[in-house]
>>> print(open('target22.txt').read())   # compact mmCIF, C-alpha atoms
# COMPACT_ATOMS: atom_id res chain seq x y z
CA MET G 1 -33.85 -3.52 -15.04
CA ILE G 2 -33.09 -2.66 -18.67
CA PRO G 3 -29.33 -2.09 -18.96
CA ALA G 4 -28.72 1.66 -19.19
CA HIS G 5 -25.69 1.33 -21.45
CA ALA G 6 -27.46 -1.02 -23.78
CA GLY G 7 -25.38 -2.37 -26.60
CA SER G 8 -22.05 -1.65 -24.92
CA LYS G 9 -21.60 -5.17 -23.46
CA PRO G 10 -23.40 -7.96 -25.24
CA THR G 11 -22.82 -10.39 -22.34
CA LYS G 12 -26.40 -10.26 -21.01
CA GLU G 13 -29.56 -10.38 -23.07
CA SER G 14 -29.63 -7.19 -25.13
CA ALA G 15 -31.93 -4.40 -23.97
CA LEU G 16 -33.74 -4.47 -27.31
CA ARG G 17 -34.43 -8.20 -26.98
CA THR G 18 -35.79 -7.64 -23.45
CA ILE G 19 -38.05 -4.84 -24.71
CA VAL G 20 -39.39 -7.14 -27.43
CA ARG G 21 -40.18 -9.80 -24.79
CA ILE G 22 -41.86 -7.18 -22.55
CA ASN G 23 -43.98 -6.02 -25.47
CA GLU G 24 -45.03 -9.58 -26.30
CA GLN G 25 -46.18 -10.06 -22.68
CA ILE G 26 -48.09 -6.77 -22.75
CA LYS G 27 -49.90 -7.84 -25.93
CA ALA G 28 -50.80 -11.16 -24.27
CA VAL G 29 -52.27 -9.37 -21.21
CA ILE G 30 -54.25 -6.98 -23.45
CA GLY G 31 -55.69 -10.08 -25.15
CA ASP G 32 -56.56 -11.63 -21.76
CA ALA G 33 -58.20 -8.38 -20.58
CA PHE G 34 -60.34 -8.32 -23.74
CA ARG G 35 -61.37 -11.92 -23.03
CA VAL G 36 -62.38 -11.00 -19.44
CA ARG G 37 -64.52 -8.13 -20.82
CA MET G 38 -66.34 -10.51 -23.16
CA MET G 39 -66.77 -13.06 -20.35
CA SER G 40 -68.18 -10.40 -18.02
CA LEU G 41 -70.77 -9.36 -20.63
CA ASN G 42 -71.90 -12.98 -20.93
CA ALA G 43 -71.94 -13.26 -17.12
CA LEU G 44 -74.15 -10.15 -16.85
CA ILE G 45 -76.68 -11.66 -19.26
CA LEU G 46 -76.60 -14.92 -17.33
CA ALA G 47 -77.09 -13.12 -14.00
CA LYS G 48 -80.05 -11.21 -15.48
CA ARG G 49 -81.63 -14.50 -16.48
CA ALA G 50 -81.01 -15.99 -13.02
CA GLY G 51 -82.89 -13.06 -11.50
CA GLN G 52 -82.88 -12.14 -7.78
CA SER G 53 -80.67 -15.09 -6.75
CA ALA G 54 -77.78 -13.81 -8.89
CA VAL G 55 -77.86 -10.08 -8.07
CA GLY G 56 -74.47 -10.29 -6.27
CA PHE G 57 -72.98 -12.25 -9.17
CA GLY G 58 -74.22 -9.57 -11.55
CA VAL G 59 -72.66 -6.77 -9.49
CA LEU G 60 -69.31 -8.59 -9.44
CA SER G 61 -69.48 -9.30 -13.19
CA ASN G 62 -70.03 -5.60 -13.79
CA GLU G 63 -67.00 -4.79 -11.58
CA LEU G 64 -64.93 -7.32 -13.53
CA ARG G 65 -65.94 -5.59 -16.76
CA GLY G 66 -64.66 -2.30 -15.31
CA PHE G 67 -61.50 -4.06 -14.11
CA ALA G 68 -60.83 -5.40 -17.62
CA SER G 69 -61.24 -1.92 -19.17
CA GLU G 70 -58.92 -0.39 -16.58
CA LEU G 71 -56.36 -3.14 -17.17
CA GLN G 72 -56.48 -2.63 -20.94
CA GLY G 73 -55.87 1.11 -20.47
CA ALA G 74 -52.96 0.50 -18.09
CA MET G 75 -51.40 -2.01 -20.49
CA GLN G 76 -51.65 0.52 -23.32
CA GLY G 77 -49.80 2.97 -21.02
CA LEU G 78 -47.14 0.30 -20.56
CA GLN G 79 -46.90 -0.10 -24.32
CA GLU G 80 -46.31 3.65 -24.70
CA SER G 81 -43.57 3.44 -22.09
CA THR G 82 -41.87 0.57 -23.89
CA THR G 83 -41.96 2.63 -27.11
CA GLY G 84 -40.27 5.51 -25.25
CA LEU G 85 -37.78 3.09 -23.72
CA LEU G 86 -37.07 1.54 -27.10
CA GLN G 87 -36.26 4.94 -28.57
CA ALA G 88 -34.07 5.90 -25.60
CA VAL G 89 -32.19 2.58 -25.65
CA THR G 90 -31.61 2.88 -29.42
CA LEU G 91 -30.26 6.44 -29.17
CA ASN G 92 -28.16 5.40 -26.19
CA ALA G 93 -26.70 2.49 -28.15
CA ARG G 94 -25.89 4.85 -31.03
CA ALA G 95 -24.11 7.32 -28.71
CA ALA G 96 -22.25 4.41 -27.06
CA LEU G 97 -21.14 3.15 -30.49
CA SER G 98 -19.85 6.61 -31.44
CA GLY G 99 -18.07 6.77 -28.06
CA ARG G 100 -16.39 3.41 -28.63
CA ILE G 101 -15.22 4.46 -32.10
CA LEU G 102 -13.93 7.83 -30.85
CA GLU G 103 -11.98 6.10 -28.05
CA ARG G 104 -9.85 4.58 -30.79
CA LEU G 105 -8.54 8.00 -31.84
CA PRO G 106 -4.82 8.32 -31.10
CA GLU G 107 -3.95 10.80 -28.33
CA ARG G 108 -2.94 13.68 -30.64
CA ALA G 109 -6.12 13.32 -32.69
CA GLN G 110 -8.16 13.12 -29.47
CA ARG G 111 -6.83 16.52 -28.44
CA ARG G 112 -7.94 17.95 -31.81
CA ALA G 113 -11.36 16.29 -31.52
CA GLY G 114 -11.76 17.33 -27.88
CA GLY G 115 -15.07 19.16 -28.30
CA MET G 116 -16.48 16.26 -30.24
CA LEU G 117 -15.56 13.75 -27.51
CA ALA G 118 -17.03 15.98 -24.79
CA ARG G 119 -20.26 16.44 -26.76
CA ASN G 120 -20.59 12.71 -27.23
CA ARG G 121 -20.00 12.05 -23.52
CA HIS G 122 -22.64 14.67 -22.70
CA ARG G 123 -25.03 13.06 -25.17
CA LEU G 124 -24.38 9.64 -23.62
CA ASP G 125 -25.22 11.07 -20.18
CA ASP G 126 -28.46 12.55 -21.57
CA ARG G 127 -29.41 9.28 -23.25
CA HIS G 128 -28.66 7.37 -20.07
CA ALA G 129 -30.95 9.73 -18.13
CA GLU G 130 -33.71 9.11 -20.70
CA VAL G 131 -33.33 5.35 -20.35
CA VAL G 132 -33.54 5.70 -16.55
CA HIS G 133 -36.64 7.90 -16.91
CA TRP G 134 -38.52 5.43 -19.14
CA ARG G 135 -37.41 2.48 -17.05
CA GLY G 136 -38.79 4.22 -13.93
CA ARG G 137 -42.05 5.00 -15.68
CA LEU G 138 -42.41 1.40 -16.81
CA ALA G 139 -41.79 0.16 -13.25
CA SER G 140 -44.28 2.60 -11.74
CA ILE G 141 -47.09 1.70 -14.19
CA LEU G 142 -46.36 -1.97 -13.62
CA GLU G 143 -46.77 -1.58 -9.85
CA GLU G 144 -50.18 0.07 -10.43
CA VAL G 145 -51.09 -2.82 -12.71
CA VAL G 146 -50.14 -5.30 -9.96
CA ARG G 147 -52.61 -3.59 -7.58
CA THR G 148 -55.33 -3.54 -10.26
CA VAL G 149 -54.83 -7.25 -10.95
CA GLU G 150 -55.03 -8.04 -7.21
CA LEU G 151 -58.44 -6.36 -7.17
CA GLY G 152 -59.42 -8.44 -10.21
CA ASN G 153 -58.29 -11.56 -8.39
CA VAL G 154 -60.50 -10.74 -5.37
CA LEU G 155 -63.47 -10.07 -7.66
CA ALA G 156 -62.97 -13.36 -9.54
CA ARG G 157 -62.77 -15.35 -6.28
CA SER G 158 -65.92 -13.62 -5.00
CA THR G 159 -67.85 -14.67 -8.13
CA ARG G 160 -67.24 -18.31 -7.11
CA ILE G 161 -68.85 -17.64 -3.71
CA GLU G 162 -71.79 -15.72 -5.24
CA ALA G 163 -72.34 -18.48 -7.82
CA VAL G 164 -73.27 -20.89 -5.02
CA TYR G 165 -76.36 -18.73 -4.24
CA GLY G 166 -77.55 -18.92 -7.86
CA GLY G 167 -80.21 -21.52 -7.20
CA ALA G 168 -81.06 -23.44 -10.37
CA HIS G 169 -78.43 -21.38 -12.26
CA ALA G 170 -75.66 -22.18 -9.75
CA PRO G 171 -73.84 -24.76 -11.97
CA ALA G 172 -73.76 -22.36 -14.96
CA LEU G 173 -72.67 -19.42 -12.78
CA THR G 174 -69.98 -21.59 -11.15
CA GLN G 175 -68.67 -22.53 -14.61
CA VAL G 176 -68.39 -18.83 -15.51
CA ALA G 177 -66.72 -18.08 -12.15
CA VAL G 178 -64.13 -20.83 -12.76
CA GLU G 179 -63.37 -19.29 -16.16
CA PHE G 180 -62.97 -15.84 -14.56
CA ASP G 181 -60.58 -17.32 -12.02
CA ALA G 182 -58.53 -19.08 -14.70
CA ALA G 183 -58.29 -15.90 -16.81
CA ILE G 184 -57.18 -13.75 -13.86
CA THR G 185 -54.64 -16.39 -12.78
CA HIS G 186 -53.23 -16.29 -16.31
CA ILE G 187 -53.04 -12.48 -16.16
CA ARG G 188 -51.29 -12.60 -12.76
CA GLN G 189 -48.67 -15.00 -14.14
CA ALA G 190 -48.10 -12.77 -17.16
CA ILE G 191 -47.70 -9.71 -14.91
CA GLU G 192 -45.21 -11.58 -12.71
CA HIS G 193 -43.26 -12.46 -15.84
CA LEU G 194 -43.37 -8.80 -16.89
CA ARG G 195 -41.98 -7.75 -13.49
CA HIS G 196 -39.19 -10.28 -13.90
CA LEU G 197 -38.35 -9.02 -17.42
CA GLN G 198 -38.44 -5.42 -16.26
CA ARG G 199 -35.78 -6.23 -13.63
CA LEU G 200 -33.39 -7.83 -16.21
CA MET H 201 -2.86 3.22 -38.87
CA LYS H 202 -3.55 4.83 -42.21
CA ARG H 203 -0.95 7.09 -43.75
CA ALA H 204 -1.52 10.46 -45.34
CA GLU H 205 0.78 11.46 -48.19
CA THR H 206 0.79 14.56 -50.36
CA ILE H 207 0.45 13.55 -54.00
CA PHE H 208 0.13 17.06 -55.46
CA GLU H 209 1.32 20.41 -54.16
CA GLN H 210 1.38 23.81 -55.80
CA GLY H 211 1.47 26.69 -53.30
CA ASP H 212 -1.25 25.89 -50.78
CA HIS H 213 -3.19 23.80 -53.29
CA ARG H 214 -2.66 20.20 -52.17
CA TRP H 215 -4.03 16.73 -52.69
CA ILE H 216 -3.42 14.44 -49.72
CA ALA H 217 -4.05 10.72 -50.17
CA VAL H 218 -5.04 8.84 -47.03
CA THR H 219 -4.25 5.32 -48.07
CA ARG H 220 -3.91 1.73 -47.03
CA ASP H 221 -4.15 0.70 -43.42
CA PRO H 222 -2.29 -2.55 -42.72
CA GLU H 223 -3.74 -2.62 -39.18
CA ARG H 224 -7.37 -2.50 -40.25
CA PRO H 225 -9.54 -5.54 -39.51
CA HIS H 226 -9.38 -7.60 -42.69
CA HIS H 227 -13.12 -8.11 -42.87
CA LEU H 228 -13.36 -4.42 -43.89
CA ILE H 229 -12.47 -3.51 -47.47
CA ASP H 230 -9.52 -1.12 -47.55
CA THR H 231 -10.27 2.37 -48.83
CA ASN H 232 -8.46 5.51 -49.93
CA GLU H 233 -9.61 8.95 -48.93
CA TYR H 234 -8.43 12.09 -50.71
CA LEU H 235 -8.27 15.51 -49.15
CA ILE H 236 -8.14 18.49 -51.49
CA ALA H 237 -6.94 21.66 -49.74
CA SER H 238 -6.67 25.15 -51.15
CA GLY H 239 -6.67 28.68 -49.71
CA GLY H 240 -7.28 27.51 -46.12
CA HIS H 241 -10.29 25.36 -47.12
CA ALA H 242 -10.51 21.63 -47.68
CA LEU H 243 -12.82 18.99 -49.11
CA LEU H 244 -12.62 15.29 -48.28
CA CYS H 245 -13.52 12.79 -51.01
CA ASP H 246 -15.31 9.60 -49.91
CA PRO H 247 -14.54 9.94 -46.17
CA GLY H 248 -15.10 6.23 -45.61
CA GLY H 249 -17.00 4.03 -43.21
CA LEU H 250 -17.89 4.52 -39.56
CA GLU H 251 -15.36 1.93 -38.38
CA ILE H 252 -12.36 3.62 -40.00
CA PHE H 253 -13.19 7.18 -38.87
CA PRO H 254 -10.45 7.26 -36.17
CA ALA H 255 -7.79 6.08 -38.64
CA VAL H 256 -8.80 8.64 -41.30
CA PHE H 257 -9.18 11.50 -38.81
CA ALA H 258 -5.81 10.77 -37.17
CA ALA H 259 -3.98 10.49 -40.50
CA ILE H 260 -5.41 13.83 -41.70
CA ASN H 261 -4.61 15.42 -38.34
CA GLU H 262 -0.93 14.60 -38.94
CA GLN H 263 -0.98 16.73 -42.10
CA LEU H 264 -3.36 19.61 -41.38
CA ASP H 265 -6.04 20.83 -39.02
CA PRO H 266 -9.24 18.85 -39.80
CA SER H 267 -11.24 21.94 -38.75
CA GLY H 268 -10.41 23.32 -42.20
CA ILE H 269 -12.56 20.63 -43.87
CA ASP H 270 -15.70 22.45 -45.03
CA ALA H 271 -17.14 19.76 -47.21
CA LEU H 272 -17.33 16.08 -48.00
CA PHE H 273 -17.78 14.63 -51.46
CA ALA H 274 -19.57 11.29 -51.68
CA SER H 275 -19.07 9.64 -55.08
CA HIS H 276 -22.07 7.44 -54.33
CA GLN H 277 -24.11 5.98 -51.47
CA ASP H 278 -22.22 2.88 -50.33
CA PRO H 279 -21.36 2.40 -46.61
CA ASP H 280 -17.59 2.26 -47.27
CA ILE H 281 -17.98 5.69 -48.91
CA ILE H 282 -20.01 7.73 -46.46
CA SER H 283 -21.24 5.84 -43.37
CA SER H 284 -18.85 7.93 -41.22
CA LEU H 285 -20.93 11.02 -42.06
CA ALA H 286 -22.51 11.33 -38.58
CA LEU H 287 -19.07 11.44 -36.91
CA TRP H 288 -17.74 14.08 -39.33
CA LEU H 289 -20.83 16.16 -38.59
CA GLU H 290 -20.29 15.57 -34.88
CA PHE H 291 -16.83 17.06 -35.34
CA LYS H 292 -18.07 19.96 -37.48
CA PRO H 293 -21.88 20.30 -37.64
CA ASP H 294 -21.93 22.81 -40.52
CA MET H 295 -19.94 20.56 -42.86
CA ARG H 296 -21.65 20.14 -46.26
CA CYS H 297 -21.86 16.95 -48.23
CA TYR H 298 -21.86 17.02 -52.04
CA THR H 299 -23.43 14.00 -53.67
CA SER H 300 -25.67 12.96 -56.56
CA TRP H 301 -29.24 14.26 -56.18
CA LEU H 302 -30.26 10.63 -56.45
CA TRP H 303 -28.87 9.85 -52.98
CA CYS H 304 -29.95 12.98 -51.09
CA GLY H 305 -32.85 11.09 -49.49
CA PHE H 306 -30.83 7.93 -48.82
CA ILE H 307 -27.50 9.09 -47.37
CA PRO H 308 -29.29 11.04 -44.55
CA HIS H 309 -29.93 7.59 -43.04
CA PHE H 310 -26.23 7.80 -42.06
CA GLY H 311 -26.71 11.30 -40.58
CA GLY H 312 -27.12 14.95 -41.52
CA ASP H 313 -30.10 17.23 -42.01
CA GLU H 314 -31.62 19.38 -44.76
CA GLN H 315 -28.72 21.83 -44.56
CA THR H 316 -26.05 19.16 -44.92
CA PHE H 317 -26.57 17.98 -48.48
CA VAL H 318 -25.72 19.75 -51.72
CA PRO H 319 -27.32 17.77 -54.55
CA ILE H 320 -25.28 17.39 -57.72
CA ALA H 321 -27.25 17.26 -60.99
CA ASP H 322 -26.66 14.38 -63.41
CA ASP H 323 -24.40 16.48 -65.64
CA GLY H 324 -22.16 17.44 -62.70
CA MET H 325 -21.33 20.82 -61.18
CA THR H 326 -18.46 23.06 -60.19
CA ILE H 327 -17.37 22.83 -56.57
CA LYS H 328 -15.13 25.52 -55.12
CA VAL H 329 -12.48 24.77 -52.51
CA GLY H 330 -11.04 28.16 -51.65
CA PRO H 331 -9.90 29.62 -55.01
CA THR H 332 -9.69 26.17 -56.65
CA GLU H 333 -12.52 25.04 -58.90
CA LEU H 334 -13.23 21.33 -59.05
CA ARG H 335 -15.63 19.68 -61.44
CA ALA H 336 -17.97 16.83 -60.49
CA HIS H 337 -17.45 14.41 -63.41
CA PRO H 338 -20.45 12.17 -64.22
CA ALA H 339 -19.80 8.44 -63.89
CA HIS H 340 -23.35 7.15 -63.54
CA TYR H 341 -23.77 3.36 -63.50
CA LEU H 342 -20.04 2.99 -62.74
CA HIS H 343 -20.99 1.32 -60.55
CA SER H 344 -23.80 3.19 -58.77
CA SER H 345 -26.75 4.57 -60.74
CA GLY H 346 -25.94 8.02 -59.33
CA ASN H 347 -22.13 8.16 -59.42
CA LEU H 348 -19.78 11.13 -59.68
CA HIS H 349 -16.01 11.54 -59.81
CA LEU H 350 -14.14 14.73 -58.97
CA HIS H 351 -11.83 16.42 -61.45
CA ASP H 352 -9.23 19.01 -60.54
CA PRO H 353 -8.24 20.60 -63.90
CA GLU H 354 -5.43 22.62 -62.35
CA ALA H 355 -3.80 19.65 -60.65
CA LYS H 356 -4.76 17.30 -63.53
CA LEU H 357 -6.03 14.78 -61.02
CA LEU H 358 -9.24 12.79 -61.07
CA PHE H 359 -10.74 11.15 -58.01
CA SER H 360 -12.33 8.19 -59.79
CA GLY H 361 -14.28 6.43 -57.02
CA ASP H 362 -14.59 2.72 -57.78
CA VAL H 363 -13.29 3.08 -61.35
CA GLY H 364 -9.68 1.96 -61.29
CA ALA H 365 -10.17 0.18 -57.97
CA ALA H 366 -8.06 -2.89 -57.30
CA LEU H 367 -8.49 -5.40 -54.49
CA LEU H 368 -4.84 -5.80 -53.62
CA PRO H 369 -3.35 -8.49 -51.37
CA ASN H 370 -2.69 -7.29 -47.82
CA ASP H 371 1.08 -7.25 -48.35
CA GLU H 372 0.87 -4.87 -51.35
CA SER H 373 0.67 -1.33 -50.08
CA ALA H 374 2.49 0.80 -52.66
CA LEU H 375 0.91 4.22 -53.15
CA PHE H 376 1.30 4.19 -56.94
CA VAL H 377 0.93 1.49 -59.56
CA THR H 378 4.44 0.40 -60.49
CA ASP H 379 3.76 -2.61 -62.70
CA PHE H 380 0.53 -2.04 -64.63
CA ASP H 381 0.15 -5.58 -66.01
CA ARG H 382 0.63 -7.13 -62.59
CA HIS H 383 -1.61 -4.58 -60.87
CA ILE H 384 -4.50 -4.78 -63.32
CA ARG H 385 -5.04 -8.47 -62.56
CA HIS H 386 -6.32 -7.33 -59.13
CA ALA H 387 -8.68 -4.86 -60.81
CA GLU H 388 -10.15 -7.13 -63.48
CA GLY H 389 -12.62 -9.18 -61.43
CA PHE H 390 -13.80 -6.08 -59.58
CA HIS H 391 -14.54 -4.13 -62.77
CA LYS H 392 -16.22 -7.06 -64.51
CA ARG H 393 -18.58 -7.58 -61.58
CA TRP H 394 -19.18 -4.08 -60.20
CA MET H 395 -19.43 -2.12 -63.47
CA GLY H 396 -22.72 -2.92 -65.17
CA SER H 397 -23.27 -0.58 -68.11
CA GLU H 398 -21.28 -0.87 -71.34
CA PRO H 399 -22.64 2.45 -72.82
CA ALA H 400 -21.85 4.28 -69.56
CA LYS H 401 -18.35 2.81 -69.55
CA ARG H 402 -17.65 3.83 -73.18
CA ASP H 403 -18.96 7.35 -72.56
CA TRP H 404 -16.83 7.70 -69.40
CA CYS H 405 -13.69 6.45 -71.20
CA GLU H 406 -14.18 8.92 -74.06
CA ARG H 407 -14.77 11.90 -71.76
CA THR H 408 -12.01 10.99 -69.32
CA ALA H 409 -9.40 10.42 -72.03
CA LYS H 410 -9.83 14.06 -73.04
CA LEU H 411 -9.11 15.42 -69.53
CA GLY H 412 -5.32 15.16 -69.90
CA LEU H 413 -4.84 13.61 -66.46
CA ASP H 414 -1.59 13.15 -64.59
CA MET H 415 -3.18 10.87 -61.99
CA LEU H 416 -6.27 8.74 -61.64
CA CYS H 417 -7.03 8.21 -57.97
CA PRO H 418 -9.38 5.32 -57.14
CA GLN H 419 -11.08 4.64 -53.82
CA HIS H 420 -9.49 1.19 -53.47
CA GLY H 421 -5.93 0.19 -54.37
CA ALA H 422 -3.01 2.09 -55.88
CA ILE H 423 -3.01 5.37 -57.84
CA TYR H 424 -2.38 5.39 -61.61
CA GLN H 425 0.03 8.07 -62.78
CA GLY H 426 1.61 9.20 -66.03
CA ALA H 427 1.24 6.74 -68.91
CA ASP H 428 -0.62 4.28 -66.64
CA VAL H 429 -3.66 6.62 -66.68
CA GLU H 430 -4.13 6.22 -70.44
CA ARG H 431 -3.22 2.54 -70.17
CA PHE H 432 -6.00 2.07 -67.62
CA ILE H 433 -8.59 3.96 -69.71
CA ASN H 434 -7.76 1.85 -72.77
CA TRP H 435 -7.85 -1.36 -70.73
CA PHE H 436 -11.21 -0.43 -69.23
CA ALA H 437 -12.65 0.53 -72.65
CA GLU H 438 -11.83 -2.97 -73.92
CA LEU H 439 -12.97 -4.87 -70.82
CA GLU H 440 -16.16 -6.90 -71.00
CA ILE H 441 -18.19 -5.82 -67.96
CA GLY H 442 -21.47 -6.70 -66.27
CA ARG H 443 -20.45 -10.33 -65.78
CA VAL H 444 -20.81 -12.68 -62.85
CA GLY H 445 -17.72 -14.84 -62.34
>>> encode(input="target22.txt", output="structure tokens")
Amino acid sequence: MIPAHAGSKPTKESALRTIVRINEQIKAVIGDAFRVRMMSLNALILAKRAGQSAVGFGVLSNELRGFASELQGAMQGLQESTTGLLQAVTLNARAALSGRILERLPERAQRRAGGMLARNRHRLDDRHAEVVHWRGRLASILEEVVRTVELGNVLARSTRIEAVYGGAHAPALTQVAVEFDAAITHIRQAIEHLRHLQRL
Amino acid sequence: MKRAETIFEQGDHRWIAVTRDPERPHHLIDTNEYLIASGGHALLCDPGGLEIFPAVFAAINEQLDPSGIDALFASHQDPDIISSLALWLEFKPDMRCYTSWLWCGFIPHFGGDEQTFVPIADDGMTIKVGPTELRAHPAHYLHSSGNLHLHDPEAKLLFSGDVGAALLPNDESALFVTDFDRHIRHAEGFHKRWMGSEPAKRDWCERTAKLGLDMLCPQHGAIYQGADVERFINWFAELEIGRVG
């Protein structure tokens, strides 16, 4: 998880650094999803050429194209959540910094600045709640993405089976199916890494 | 902790100098803040950086209720001048900040909104603190391109920002300059490097010499008083500035 009181204890990786790493992974998955879309278009053309023997392969390729679009959309949702999280973490860090500076006020001055201290504590609570909100949203979208990618994985594996029935085009269809499989495996690894980062 | 000392008092018209803090972390440049109070109102000159807010606030609190501070005056835009702005506004959200028009789009990066800033034109302006009228005294290019000092004609005091500043050793914490020749050695390198415009310097020296000041109160180092004010102006007029090394 992203530390709620980011910036207050620099012992772990900072929340901002984690967000940057999450965003880099998201960009990588968006790139992979685009690649799967292009591959599925090529696969559809190939299946058309192969005719009746590659009807199943064509259906799966079309499903993979839809999967890639869905994945791209979900990853863009994740990007929006990381932007919200980034803003919340930054404001939280600012409120925490003000809090740390105000703690240094001597007791008599603290009494005079009482309203100010209370407001800052209130603000820190609000910021913390915002961080928790965005963190929860990120986690929830990520779990949906995991399910989407599992579907993509099943589709990619199925293309390998369908490729076998491609007659004279079987070797070419198998090559495409292997590439689908490799791309989805890469996406699954990236999503696992994202889940790990999100728990930091 | 910083200490706050009254350097001028006539009825309820006071100048309080919040000066050197021997306990401050030495990687921060030491600063002076000046509070001008009159008729139940107060204005704080160059309130300082974010890190020293507790020390400044506590020192002022020993002398008077900080709730009486209606306004801040920022001589220019540097972080040691005004980066505590957000915390002062946290304490009192309707506090105003007087500064050169040049910095009204820059200083808000430290905090504040459209209501906070009162832009000062290049030729200065009159600022009222209760019944007392202060005059923003142009000091552009000394060192900032939009730089203002604050003159109190009644008290005969000038808050002179970085002009007159001295980077004193940590064990020298006198409020006033006592040995001009010894003191000015700590000011020389600073003025040569930070002050970049010879015409601006000459113009400032001519105008300031006519003010008939009793004290010249810089943002760093000790305060010049009596004959040392004229001595400083003459020294500065002769100094070759805009030099590296």
>>> residues_around(input="target22.txt", residues="Gln263 in chain H", least_positions_apart="3", cutoff="8 Å", atoms="only C-alpha atoms", output="ChimeraX atom specification")
/H:204,259-260
>>> closest_atom_pairs(input="target22.txt", of="chain G", to="chain H", cutoff="6 Å", atoms="all atoms listed in the file", output="tab-separated table")
residue	atom	partner	partner_atom	distance
G:Leu105	CA	H:Pro254	CA	4.8
G:Ala109	CA	H:Ala258	CA	5.2
G:Met116	CA	H:Phe291	CA	5.2
>>> atom_distance(input="target22.txt", atom1="CA of Leu194 in chain G", atom2="CA of Ile141 in chain G")
11.5 Å
>>> residues_near_point(input="target22.txt", point="(-6.3, 19.4, -61.3)", cutoff="10 Å", atoms="all atoms listed in the file", output="count of residues only")
23
>>> atom_distance(input="target22.txt", atom1="CA of Ala422 in chain H", atom2="CA of Ser300 in chain H")
25.1 Å
>>> atom_distance(input="target22.txt", atom1="CA of Arg108 in chain G", atom2="CA of Asp371 in chain H")
27.7 Å
>>> residues_around(input="target22.txt", residues="Asp381 in chain H", least_positions_apart="6", cutoff="12 Å", atoms="only C-alpha atoms", output="PyMOL selection string")
chain H and resi 387-388+428+431-432+435
>>> closest_residue(input="target22.txt", among="H:Ile423, H:Ala242, H:Ile433, H:Ala400", to="Pro331 in chain H", atoms="all atoms listed in the file")
H:Ala242
>>> residues_around(input="target22.txt", residues="Leu78 in chain G", least_positions_apart="5", cutoff="12 Å", atoms="all atoms listed in the file", output="PyMOL selection string")
chain G and resi 19+22-27+29-30+71-73+83-85+134-145+191+194-195+198
>>> residues_around(input="target22.txt", residues="Gln189 in chain G", least_positions_apart="3", cutoff="12 Å", atoms="all atoms listed in the file", output="list in words")
Gln25, Ile26, Ala28, Val29, Asp32, Val146, Val149, Glu150, Asn153, Ala182, Ala183, Ile184, Thr185, His186, Glu192, His193, Leu194, Arg195 and His196 of chain G
>>> residues_around(input="target22.txt", residues="Arg220 in chain H", least_positions_apart="2", cutoff="9 Å", atoms="all atoms listed in the file", output="JSON, numbers by chain")
{"H": [201, 202, 203, 218, 222, 223, 224, 230, 231, 232, 373, 374, 375, 420, 421, 422]}
>>> closest_residue(input="target22.txt", among="G:Ser14, G:Ser98, G:Ser158, G:Thr174", to="Leu60 in chain G", atoms="only C-alpha atoms")
G:Ser158
>>> residues_near_point(input="target22.txt", point="(-26.4, 17.5, -47.8)", cutoff="9 Å", atoms="all atoms listed in the file", output="ChimeraX atom specification")
/H:295-299,304,307-308,312-319
